[in-house]
Amino acid sequence: MGDWTQRVLRIDLSNRRYQKENLDVNTLKMFLGGQGVATKILMDEVDPKVVPLSPENKMIFSTGPLTGTEAPLGSRYMVSTKSPLTGLLGFGNSGGFFGPTMRKAGYDHIIFEGKSDTPVYLVITDKDIEFRNAGHLWGKDTHETEAIIKKGGIAHLCG
C-alpha cells in the first residue's frame, strides 16, 4: 500500500445506510495521516456545542499512508471523536489487524454517525457493507462476542 486509498466510508447508523466518498489528495497531503484528516472532518462537520454522547457526534476510524505496509508501526489506526470526558477532541490509537484490514477493504477513513435503535454490527469487505443484527450478542463479554462472530465466518474484528 504505502499511499492513500482516497476513500471514505460514511456509516449512518440511524438509517442503516452507507455512502462511499472520495477524499481529495490535497486534503490528505495537507492534513497528513489519520489523526490530521479526522480532526479536519470533526472540525468541519461537528458543531462545537454538540453533546459528545449524542447521535450528532461522529466517531472516525482512520489509517495513515503507511498503514498496511511493513513500515514500523504500519499496523496502527486512530479513533477520533468529541470526548465525553473533556468535551474536546479525543483520540485513541491502536494496532493489530484492523487498520491494515480496513485499508485492504479500500478505506482510509470510516465515519460513524447517528445512533442505531437496536444493537448492530457491521461486516465491511472490499465488495460489500452489511448491517447485521447484534441482539444475540448483547450482554456478552468480548471473548464470547468474538467467538460467536467468528463462527459466522468473519476473520477480523474491531470492537
# chains A, B, ... in the order shown; residues from 1 in each chain; ligands from 1
>>> select_by_dssp(residues="range 38-120 of chain A", states="strand (DSSP E or B)", output="VMD selection string")
chain A and resid 58 to 62 77 to 82 89 to 94 109 to 113 120
>>> write_last_selection(atoms="N, CA and C atoms", output="compact mmCIF listing (two decimals), in the first residue's frame")
# COMPACT_ATOMS: atom_id res chain seq x y z
N LYS A 58 -19.69 12.37 15.89
CA LYS A 58 -19.18 11.37 14.95
C LYS A 58 -18.00 10.65 15.58
N MET A 59 -17.81 9.40 15.18
CA MET A 59 -16.64 8.63 15.58
C MET A 59 -15.96 8.20 14.28
N ILE A 60 -14.67 8.51 14.17
CA ILE A 60 -13.96 8.27 12.92
C ILE A 60 -12.79 7.32 13.15
N PHE A 61 -12.78 6.23 12.40
CA PHE A 61 -11.65 5.30 12.39
C PHE A 61 -10.80 5.68 11.19
N SER A 62 -9.49 5.89 11.41
CA SER A 62 -8.63 6.41 10.35
C SER A 62 -7.31 5.66 10.27
N TYR A 77 -3.90 2.42 13.70
CA TYR A 77 -5.03 3.21 13.24
C TYR A 77 -5.48 4.11 14.38
N MET A 78 -6.23 5.14 14.04
CA MET A 78 -6.71 6.13 15.01
C MET A 78 -8.22 6.06 15.12
N VAL A 79 -8.73 6.37 16.31
CA VAL A 79 -10.16 6.58 16.51
C VAL A 79 -10.29 8.00 17.07
N SER A 80 -11.11 8.82 16.42
CA SER A 80 -11.24 10.23 16.77
C SER A 80 -12.71 10.58 16.96
N THR A 81 -12.99 11.43 17.96
CA THR A 81 -14.35 11.85 18.26
C THR A 81 -14.30 13.05 19.18
N LYS A 82 -15.45 13.59 19.53
CA LYS A 82 -15.53 14.58 20.59
C LYS A 82 -15.65 13.80 21.89
N LEU A 89 -11.77 17.46 21.46
CA LEU A 89 -11.45 16.34 20.58
C LEU A 89 -10.68 15.29 21.36
N GLY A 90 -11.00 14.04 21.10
CA GLY A 90 -10.31 12.93 21.76
C GLY A 90 -9.85 11.93 20.72
N PHE A 91 -8.70 11.31 21.00
CA PHE A 91 -8.10 10.39 20.04
C PHE A 91 -7.63 9.14 20.75
N GLY A 92 -7.78 8.00 20.10
CA GLY A 92 -7.22 6.75 20.57
C GLY A 92 -6.41 6.14 19.43
N ASN A 93 -5.39 5.39 19.79
CA ASN A 93 -4.52 4.79 18.80
C ASN A 93 -4.38 3.32 19.15
N SER A 94 -4.46 2.47 18.15
CA SER A 94 -4.37 1.04 18.40
C SER A 94 -3.64 0.37 17.25
N HIS A 109 -10.69 6.10 5.85
CA HIS A 109 -11.47 6.58 7.00
C HIS A 109 -12.85 5.94 6.97
N ILE A 110 -13.34 5.59 8.15
CA ILE A 110 -14.73 5.16 8.31
C ILE A 110 -15.35 6.10 9.33
N ILE A 111 -16.39 6.81 8.90
CA ILE A 111 -17.07 7.79 9.75
C ILE A 111 -18.39 7.19 10.21
N PHE A 112 -18.54 7.06 11.52
CA PHE A 112 -19.80 6.59 12.09
C PHE A 112 -20.59 7.80 12.57
N GLU A 113 -21.86 7.86 12.16
CA GLU A 113 -22.72 8.95 12.61
C GLU A 113 -24.11 8.40 12.91
N VAL A 120 -26.44 -3.41 16.49
CA VAL A 120 -26.00 -3.89 15.18
C VAL A 120 -24.48 -4.00 15.17
>>> closest_residue(among="A:Lys20, A:Lys115, A:Arg76, A:Lys29", to="Phe98 in chain A", atoms="only C-alpha atoms")
A:Arg76
>>> residues_around(residues="Ile129 in chain A", least_positions_apart="4", cutoff="10 Å", atoms="only C-alpha atoms", output="ChimeraX atom specification")
/A:9,11,17-19,122-125
>>> write_last_selection(atoms="N, CA and C atoms", output="compact mmCIF listing (two decimals), in the first residue's frame")
# COMPACT_ATOMS: atom_id res chain seq x y z
N LEU A 9 -15.62 5.80 3.99
CA LEU A 9 -16.89 5.10 4.13
C LEU A 9 -17.66 5.79 5.25
N ILE A 11 -20.88 5.78 7.56
CA ILE A 11 -21.91 4.87 8.07
C ILE A 11 -22.96 5.68 8.82
N ARG A 17 -27.67 3.02 6.60
CA ARG A 17 -27.22 3.30 5.23
C ARG A 17 -25.74 3.61 5.25
N TYR A 18 -25.14 3.52 4.09
CA TYR A 18 -23.74 3.91 3.98
C TYR A 18 -23.53 4.65 2.68
N GLN A 19 -22.46 5.41 2.66
CA GLN A 19 -22.09 6.16 1.46
C GLN A 19 -20.58 6.10 1.30
N LEU A 122 -21.28 -4.33 11.94
CA LEU A 122 -21.06 -4.19 10.51
C LEU A 122 -20.07 -5.22 10.01
N VAL A 123 -20.32 -5.71 8.83
CA VAL A 123 -19.35 -6.53 8.12
C VAL A 123 -18.94 -5.70 6.90
N ILE A 124 -17.66 -5.32 6.88
CA ILE A 124 -17.14 -4.47 5.81
C ILE A 124 -16.08 -5.25 5.06
N THR A 125 -16.29 -5.42 3.76
CA THR A 125 -15.30 -6.08 2.91
C THR A 125 -15.00 -5.14 1.74
>>> closest_residue(among="A:Gly33, A:Gly114, A:Lys104, A:Tyr121", to="Ile149 in chain A", atoms="only C-alpha atoms")
A:Tyr121
>>> atom_distance(atom1="CA of Asp108 in chain A", atom2="CA of Pro72 in chain A")
18.3 Å
>>> atom_distance(atom1="CA of Pro65 in chain A", atom2="CA of Thr5 in chain A")
8.6 Å
>>> atom_distance(atom1="CA of Thr67 in chain A", atom2="CA of Gly99 in chain A")
6.4 Å
>>> residues_around(residues="Pro52 in chain A", least_positions_apart="5", cutoff="7 Å", atoms="only C-alpha atoms", output="list in words")
Asn57, Lys82, Ser83, Pro84 and Gly87 of chain A
>>> closest_residue(among="A:Gly36, A:Gly135, A:Gly95, A:Gly152", to="Asp117 in chain A", atoms="only C-alpha atoms")
A:Gly135
>>> select_by_dssp(residues="chain A", states="alpha helix (DSSP H)", output="short mmCIF file (atom, residue, chain, number, x, y, z; two decimals) with C-alpha atoms, in the first residue's frame")
data_model
loop_
_atom_site.label_atom_id
_atom_site.label_comp_id
_atom_site.auth_asym_id
_atom_site.auth_seq_id
_atom_site.Cartn_x
_atom_site.Cartn_y
_atom_site.Cartn_z
CA VAL A 25 -5.47 14.07 -2.31
CA ASN A 26 -4.57 17.68 -1.44
CA THR A 27 -6.58 17.38 1.79
CA LEU A 28 -4.73 14.15 2.58
CA LYS A 29 -1.37 15.81 1.98
CA MET A 30 -2.25 18.96 3.92
CA GLY A 34 -5.33 9.62 10.03
CA GLN A 35 -5.48 11.94 13.03
CA GLY A 36 -4.98 15.08 10.95
CA VAL A 37 -7.69 14.25 8.42
CA ALA A 38 -10.08 13.06 11.15
CA THR A 39 -9.54 16.34 13.02
CA LYS A 40 -10.42 18.28 9.87
CA ILE A 41 -13.59 16.20 9.37
CA LEU A 42 -14.66 16.69 13.00
CA MET A 43 -13.97 20.43 12.89
CA ASP A 44 -15.91 20.79 9.62
CA GLU A 45 -18.86 18.54 10.49
CA PHE A 98 -7.99 -3.81 11.99
CA GLY A 99 -6.07 -0.91 10.39
CA PRO A 100 -4.44 -2.97 7.62
CA THR A 101 -7.71 -4.86 7.03
CA MET A 102 -9.60 -1.58 6.74
CA ARG A 103 -7.08 -0.38 4.14
CA LYS A 104 -7.31 -3.70 2.29
CA THR A 142 -15.68 -9.51 24.30
CA HIS A 143 -14.34 -13.08 24.19
CA GLU A 144 -17.83 -14.57 23.77
CA THR A 145 -18.78 -11.96 21.18
CA GLU A 146 -15.63 -12.57 19.14
CA ALA A 147 -16.16 -16.34 19.18
CA ILE A 148 -19.79 -16.03 18.05
CA ILE A 149 -18.98 -13.61 15.21
CA LYS A 150 -16.01 -15.67 14.03
CA LYS A 151 -18.28 -18.74 13.83
#
>>> decode(residues="range 110-127 of chain A", atoms="N, CA and C atoms", output="mmCIF file, in the first residue's frame")
data_model
loop_
_atom_site.group_PDB
_atom_site.id
_atom_site.type_symbol
_atom_site.label_atom_id
_atom_site.label_comp_id
_atom_site.auth_asym_id
_atom_site.auth_seq_id
_atom_site.Cartn_x
_atom_site.Cartn_y
_atom_site.Cartn_z
ATOM 1 N N ILE A 110 -13.342 5.589 8.149
ATOM 2 C CA ILE A 110 -14.729 5.159 8.311
ATOM 3 C C ILE A 110 -15.350 6.101 9.329
ATOM 4 N N ILE A 111 -16.392 6.812 8.897
ATOM 5 C CA ILE A 111 -17.070 7.790 9.745
ATOM 6 C C ILE A 111 -18.392 7.191 10.206
ATOM 7 N N PHE A 112 -18.542 7.064 11.522
ATOM 8 C CA PHE A 112 -19.804 6.591 12.089
ATOM 9 C C PHE A 112 -20.591 7.796 12.567
ATOM 10 N N GLU A 113 -21.862 7.863 12.159
ATOM 11 C CA GLU A 113 -22.722 8.950 12.606
ATOM 12 C C GLU A 113 -24.110 8.400 12.915
ATOM 13 N N GLY A 114 -24.847 9.131 13.750
ATOM 14 C CA GLY A 114 -26.181 8.705 14.131
ATOM 15 C C GLY A 114 -26.158 7.698 15.261
ATOM 16 N N LYS A 115 -27.303 7.059 15.469
ATOM 17 C CA LYS A 115 -27.455 6.087 16.550
ATOM 18 C C LYS A 115 -28.452 5.028 16.105
ATOM 19 N N SER A 116 -28.073 3.787 16.220
ATOM 20 C CA SER A 116 -28.968 2.693 15.869
ATOM 21 C C SER A 116 -29.998 2.498 16.974
ATOM 22 N N ASP A 117 -31.237 2.190 16.589
ATOM 23 C CA ASP A 117 -32.274 1.947 17.595
ATOM 24 C C ASP A 117 -32.205 0.536 18.167
ATOM 25 N N THR A 118 -31.443 -0.340 17.528
ATOM 26 C CA THR A 118 -31.214 -1.695 18.037
ATOM 27 C C THR A 118 -29.727 -2.022 17.876
ATOM 28 N N PRO A 119 -29.215 -2.996 18.639
ATOM 29 C CA PRO A 119 -27.802 -3.365 18.501
ATOM 30 C C PRO A 119 -27.503 -3.919 17.099
ATOM 31 N N VAL A 120 -26.438 -3.412 16.489
ATOM 32 C CA VAL A 120 -25.996 -3.887 15.177
ATOM 33 C C VAL A 120 -24.476 -3.998 15.166
ATOM 34 N N TYR A 121 -23.983 -4.789 14.252
ATOM 35 C CA TYR A 121 -22.562 -4.745 13.934
ATOM 36 C C TYR A 121 -22.439 -4.719 12.420
ATOM 37 N N LEU A 122 -21.284 -4.328 11.940
ATOM 38 C CA LEU A 122 -21.060 -4.189 10.508
ATOM 39 C C LEU A 122 -20.071 -5.220 10.015
ATOM 40 N N VAL A 123 -20.318 -5.713 8.828
ATOM 41 C CA VAL A 123 -19.348 -6.531 8.117
ATOM 42 C C VAL A 123 -18.936 -5.700 6.904
ATOM 43 N N ILE A 124 -17.662 -5.324 6.876
ATOM 44 C CA ILE A 124 -17.141 -4.468 5.813
ATOM 45 C C ILE A 124 -16.075 -5.248 5.059
ATOM 46 N N THR A 125 -16.292 -5.424 3.764
ATOM 47 C CA THR A 125 -15.302 -6.077 2.910
ATOM 48 C C THR A 125 -14.996 -5.141 1.745
ATOM 49 N N ASP A 126 -14.121 -5.577 0.864
ATOM 50 C CA ASP A 126 -13.813 -4.757 -0.305
ATOM 51 C C ASP A 126 -14.959 -4.757 -1.312
ATOM 52 N N LYS A 127 -15.956 -5.618 -1.116
ATOM 53 C CA LYS A 127 -17.072 -5.707 -2.051
ATOM 54 C C LYS A 127 -18.400 -5.222 -1.483
#
